Each structure stands twice: as C-alpha cells, then as structure tokens.
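For reference, the structure is listed below as structure tokens.
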Amino acid sequence: MQHIESAQLYSDSQYRFDYVAKFMDFGEEDIKAIEAVADKVRPLVPVVVDAVYAKLFQFDVTKKHFVPKNEGFEGVAPTSLEDLTLDHPQIKFRKDFLSKYLYKILSGPYDERFLRYLDWVAKIHTDTPEKKSKINVDYIHINALMGFVESTLVGGLLSLQLDRETESKALLAFNKLLWIQNDYFAKYYCNPATVHDANVLVKKSEGCLTNPASIVPLAVGVLAGALGVYYYFRRI
C-alpha cells in the first residue's frame, strides 16, 4: 500500500497530479490512445466548440460571464446579455481560446509544461489573488460544462466509426484526462468565499477539498465515468 501525504496534495501540484493519475491508471498507454486518434478528432474541434457555446447561451447564469470584457480582447465588449450574440467578436475570441485548449489536449506533449497549462486554465476561471482576469465562474457551472464537453467529445468519437479497440482506448483516455482537468478546477474551489452567484453560507466543515475524506467524491466520479464507458462497450 502506497502512503500519500494528505497535506501535500493541496500544496504540491505535481504530487497531486501524480496521485490522481495513478488512482485513475492514467499513463503512457492512455497518451498513445489519444495520439492514435488525434488526427481524426481535430476536424471535430469546431463542432465541439460551437456546441459548447450554444449550450452556455441557453442559461443566463452562464451567459452572463461573457458580457464583461475579456483579458486580451481588444474589441468593444457587449453591454448586456441581449447585446451578446454567438457571432459577437468577443465570443469569437473566446471560441478561439477553447479551440486552442482542445487542440492542446490532442497534441500534447503531456509533460510538466502541459500540467502547468491545465492548472492555468483552471486558475483563470476562479477567484484567486494571483490572476489578472476578473472572471469568476462558480464550480457548479464548470463541473456541468466539463460533463457537457466530455459527452460531446464522446459523441464525436463514436461518429468516427473507429475499430472497437481504438475507440474504447481513446474514450477511456479522454475520460481520464478530462477528469484530471476537472480536478485542477476543483482545487481552486476550496473557499466558500469564492461563491459568486448567490449569498451562500457554507460552514467551514462543509468546504470543498479541505480534508482527506473529501477526496472521495472525486474518486467516485472518476470510477463512475470509467465504468460508464466500460459497460457501454460491454453492451454493444
């Protein structure tokens, strides 16, 4: 049995990744599985991006985050939800950002720099003192979005009609990788003060990942995702 330093999980990003990746059995074979289908998946990226933003525009609580001017965007920001459309220049700017992210997870290399990138993607959406961006998205929306991205990506992969072994390995690999990204988000949501959508009072003991026992929901989610893909292939 391997010993894990609980406190180090919250202070050392590399240590945290190593633990989560090992727990999920994410490794070289998964990277090879992603690389094997990357060229076929890349043409699907614009479709995934359009689907994601169409979904985000279905709810005011998610759409509102795209009204403030984005850091790095040099055009004129929208003035209201009604003024914001899917073809607005700022949304094109945001779509380009998401496209680059998806291309990045398809191309790697999956090294320490890649892990810092996943961490940065999480940090810029959250209320942390170090970041310049004023965009703060509550975790409920991030979690829902990650689930939608995964289901959309899975649908795209299934549409490619790959051979069964290649398809199953790729689905499992993407499932693990997106759960790893979700954990990078989760580690920045440990402070109840970062809830922005409502006046939510959270007891100190009910905070996010503030104690070793609270890693269990993550583990259960990872296991559920993996089993879901596994049993899908058992049925067909």
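FYI, nothing fancy with the structure tokens labels: chains A, B, ... in order, residues from 1 per chain, ligands from 1 as they appear.
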Excluding A:Glu74 and its own-chain neighbours fewer than 3 positions away, which residues fall within 12 Å of it when counting only C-alpha atoms? Please give them as a list in words. Lys69, Asn70, Glu71, Ala77, Pro89, Gln90 and Phe93 of chain A
Which of stretch 25-175 of chain A counts as alpha helix (DSSP H) under DSSP, as a PyMOL selection string please? chain A and resi 28-41+45-56+60-63+89-107+112-123+139-159+164-175
Neighbour list for A:Ile180 as a list in words, cut-off 8 Å, only C-alpha atoms, skip fewer than 3 positions in-chain: Phe17, Val20, Ala21, Lys176, Leu177, Asp183 and Tyr184 of chain A
Residues near A:Gln181, cut-off 12 Å, only C-alpha atoms, skip fewer than 2 positions along chain, as a PyMOL selection string: chain A and resi 16-17+20-21+101-102+105+114-123+142-143+145-147+149-150+174-179+183-188+218+222
Preceding selection exported with N, CA and C atoms as a JSON list (two decimals), in the first residue's frame:
[["chain", "number", "residue", "atom", "x", "y", "z"],
["A", 16, "ARG", "N", 0.03, 16.17, -6.52],
["A", 16, "ARG", "CA", -1.41, 15.98, -6.66],
["A", 16, "ARG", "C", -1.74, 15.27, -7.97],
["A", 17, "PHE", "N", -1.13, 15.74, -9.08],
["A", 17, "PHE", "CA", -1.36, 15.10, -10.37],
["A", 17, "PHE", "C", -0.92, 13.64, -10.34],
["A", 20, "VAL", "N", -3.59, 11.57, -8.49],
["A", 20, "VAL", "CA", -4.85, 11.42, -9.22],
["A", 20, "VAL", "C", -4.65, 10.55, -10.46],
["A", 21, "ALA", "N", -3.55, 10.78, -11.18],
["A", 21, "ALA", "CA", -3.28, 9.99, -12.39],
["A", 21, "ALA", "C", -3.07, 8.52, -12.05],
["A", 101, "TYR", "N", -7.38, 25.24, -26.61],
["A", 101, "TYR", "CA", -7.33, 24.30, -25.49],
["A", 101, "TYR", "C", -7.54, 22.86, -25.98],
["A", 102, "LEU", "N", -8.56, 22.66, -26.80],
["A", 102, "LEU", "CA", -8.85, 21.31, -27.29],
["A", 102, "LEU", "C", -7.73, 20.79, -28.19],
["A", 105, "ILE", "N", -4.90, 19.62, -25.86],
["A", 105, "ILE", "CA", -5.02, 18.32, -25.21],
["A", 105, "ILE", "C", -4.93, 17.17, -26.22],
["A", 114, "PHE", "N", 2.68, 20.97, -19.86],
["A", 114, "PHE", "CA", 1.28, 20.69, -20.14],
["A", 114, "PHE", "C", 0.45, 20.73, -18.85],
["A", 115, "LEU", "N", 1.00, 20.19, -17.78],
["A", 115, "LEU", "CA", 0.30, 20.21, -16.50],
["A", 115, "LEU", "C", 0.14, 21.62, -15.99],
["A", 116, "ARG", "N", 1.16, 22.46, -16.20],
["A", 116, "ARG", "CA", 1.04, 23.87, -15.80],
["A", 116, "ARG", "C", -0.04, 24.57, -16.61],
["A", 117, "TYR", "N", -0.19, 24.15, -17.87],
["A", 117, "TYR", "CA", -1.23, 24.72, -18.72],
["A", 117, "TYR", "C", -2.62, 24.35, -18.19],
["A", 118, "LEU", "N", -2.82, 23.08, -17.82],
["A", 118, "LEU", "CA", -4.10, 22.66, -17.26],
["A", 118, "LEU", "C", -4.40, 23.43, -15.98],
["A", 119, "ASP", "N", -3.38, 23.64, -15.18],
["A", 119, "ASP", "CA", -3.55, 24.39, -13.94],
["A", 119, "ASP", "C", -3.92, 25.85, -14.23],
["A", 120, "TRP", "N", -3.27, 26.45, -15.22],
["A", 120, "TRP", "CA", -3.55, 27.83, -15.61],
["A", 120, "TRP", "C", -4.97, 27.99, -16.11],
["A", 121, "VAL", "N", -5.44, 27.05, -16.93],
["A", 121, "VAL", "CA", -6.81, 27.09, -17.44],
["A", 121, "VAL", "C", -7.80, 27.11, -16.29],
["A", 122, "ALA", "N", -7.53, 26.33, -15.26],
["A", 122, "ALA", "CA", -8.41, 26.31, -14.09],
["A", 122, "ALA", "C", -8.33, 27.63, -13.32],
["A", 123, "LYS", "N", -7.13, 28.11, -13.10],
["A", 123, "LYS", "CA", -6.93, 29.30, -12.27],
["A", 123, "LYS", "C", -7.60, 30.53, -12.86],
["A", 142, "ILE", "N", -18.75, 25.10, -13.96],
["A", 142, "ILE", "CA", -17.56, 24.46, -14.51],
["A", 142, "ILE", "C", -17.75, 22.95, -14.58],
["A", 143, "ASN", "N", -18.28, 22.37, -13.52],
["A", 143, "ASN", "CA", -18.49, 20.93, -13.48],
["A", 143, "ASN", "C", -19.48, 20.50, -14.55],
["A", 145, "LEU", "N", -20.15, 22.09, -17.29],
["A", 145, "LEU", "CA", -19.52, 22.31, -18.60],
["A", 145, "LEU", "C", -18.57, 21.18, -18.94],
["A", 146, "MET", "N", -17.77, 20.75, -17.97],
["A", 146, "MET", "CA", -16.83, 19.66, -18.24],
["A", 146, "MET", "C", -17.58, 18.38, -18.63],
["A", 147, "GLY", "N", -18.71, 18.14, -17.97],
["A", 147, "GLY", "CA", -19.51, 16.97, -18.33],
["A", 147, "GLY", "C", -20.06, 17.08, -19.74],
["A", 149, "VAL", "N", -18.75, 18.91, -22.24],
["A", 149, "VAL", "CA", -17.62, 18.78, -23.17],
["A", 149, "VAL", "C", -17.29, 17.31, -23.39],
["A", 150, "GLU", "N", -17.27, 16.55, -22.28],
["A", 150, "GLU", "CA", -16.93, 15.13, -22.41],
["A", 150, "GLU", "C", -17.98, 14.39, -23.24],
["A", 174, "PHE", "N", -9.60, 9.83, -22.87],
["A", 174, "PHE", "CA", -10.17, 11.18, -22.79],
["A", 174, "PHE", "C", -10.97, 11.36, -21.50],
["A", 175, "ASN", "N", -11.67, 10.30, -21.10],
["A", 175, "ASN", "CA", -12.43, 10.36, -19.85],
["A", 175, "ASN", "C", -11.49, 10.67, -18.68],
["A", 176, "LYS", "N", -10.38, 9.98, -18.61],
["A", 176, "LYS", "CA", -9.41, 10.20, -17.52],
["A", 176, "LYS", "C", -8.81, 11.59, -17.60],
["A", 177, "LEU", "N", -8.42, 12.01, -18.80],
["A", 177, "LEU", "CA", -7.77, 13.31, -18.95],
["A", 177, "LEU", "C", -8.69, 14.46, -18.56],
["A", 178, "LEU", "N", -9.96, 14.38, -18.93],
["A", 178, "LEU", "CA", -10.90, 15.45, -18.57],
["A", 178, "LEU", "C", -11.22, 15.44, -17.08],
["A", 179, "TRP", "N", -11.19, 14.27, -16.46],
["A", 179, "TRP", "CA", -11.36, 14.24, -15.00],
["A", 179, "TRP", "C", -10.15, 14.85, -14.31],
["A", 183, "ASP", "N", -10.18, 18.08, -11.83],
["A", 183, "ASP", "CA", -9.57, 18.17, -10.51],
["A", 183, "ASP", "C", -8.74, 19.45, -10.37],
["A", 184, "TYR", "N", -8.12, 19.89, -11.46],
["A", 184, "TYR", "CA", -7.39, 21.17, -11.42],
["A", 184, "TYR", "C", -8.36, 22.31, -11.10],
["A", 185, "PHE", "N", -9.55, 22.25, -11.68],
["A", 185, "PHE", "CA", -10.57, 23.23, -11.32],
["A", 185, "PHE", "C", -10.95, 23.10, -9.85],
["A", 186, "ALA", "N", -11.21, 21.87, -9.42],
["A", 186, "ALA", "CA", -11.71, 21.64, -8.07],
["A", 186, "ALA", "C", -10.78, 22.18, -7.00],
["A", 187, "LYS", "N", -9.50, 22.12, -7.24],
["A", 187, "LYS", "CA", -8.56, 22.54, -6.17],
["A", 187, "LYS", "C", -8.61, 24.04, -5.91],
["A", 188, "TYR", "N", -9.18, 24.81, -6.86],
["A", 188, "TYR", "CA", -9.30, 26.25, -6.66],
["A", 188, "TYR", "C", -10.64, 26.65, -6.04],
["A", 218, "LEU", "N", -14.41, 12.84, -5.65],
["A", 218, "LEU", "CA", -13.62, 12.84, -6.88],
["A", 218, "LEU", "C", -13.36, 11.41, -7.32],
["A", 222, "VAL", "N", -14.60, 9.66, -10.81],
["A", 222, "VAL", "CA", -13.67, 9.05, -11.76],
["A", 222, "VAL", "C", -14.07, 7.62, -12.05]]
Using only C-alpha atoms, find the one residue out of A:Ile91, A:Val76, A:Ala173, A:Ala7 that sits nearest to A:Leu56.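 Between A:Ile91, A:Val76, A:Ala173, A:Ala7, the residue approaching A:Leu56 most closely is A:Ile91.
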Top pick for closest residue to A:Phe59, considering A:Lys92, A:Asp18, A:Leu81, A:Glu28 and counting only C-alpha atoms: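 Of A:Lys92, A:Asp18, A:Leu81, A:Glu28, the one nearest A:Phe59, counting only C-alpha atoms, is A:Leu81.
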Using only C-alpha atoms, which of A:His88, A:Lys95, A:His65, A:Lys32 sits nearest A:Pro46? A:Lys95
Distance criterion (only C-alpha atoms): nearest to A:Val49 out of A:Leu153, A:Leu9, A:Ala33, A:Ala144: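 Selected residue with least distance to A:Val49: A:Leu153.
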Which residue of A:Leu106, A:Val61, A:Val137, A:Val154 approaches A:Ile34 most closely, using only C-alpha atoms: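 Checking each of A:Leu106, A:Val61, A:Val137, A:Val154 against A:Ile34, counting only C-alpha atoms, the winner is A:Leu106.
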What does the distance from atom CA of A:Asp39 to atom CA of A:Asp25 come to in Å, to one decimal?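 We find that atom CA of A:Asp39 and atom CA of A:Asp25 lie 24.1 Å from each other.
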Closest to A:Phe23 among A:Gln161, A:Gln2, A:Ser168, A:Thr85, using only C-alpha atoms?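 Counting only C-alpha atoms, the residue closest to A:Phe23 is A:Gln2.
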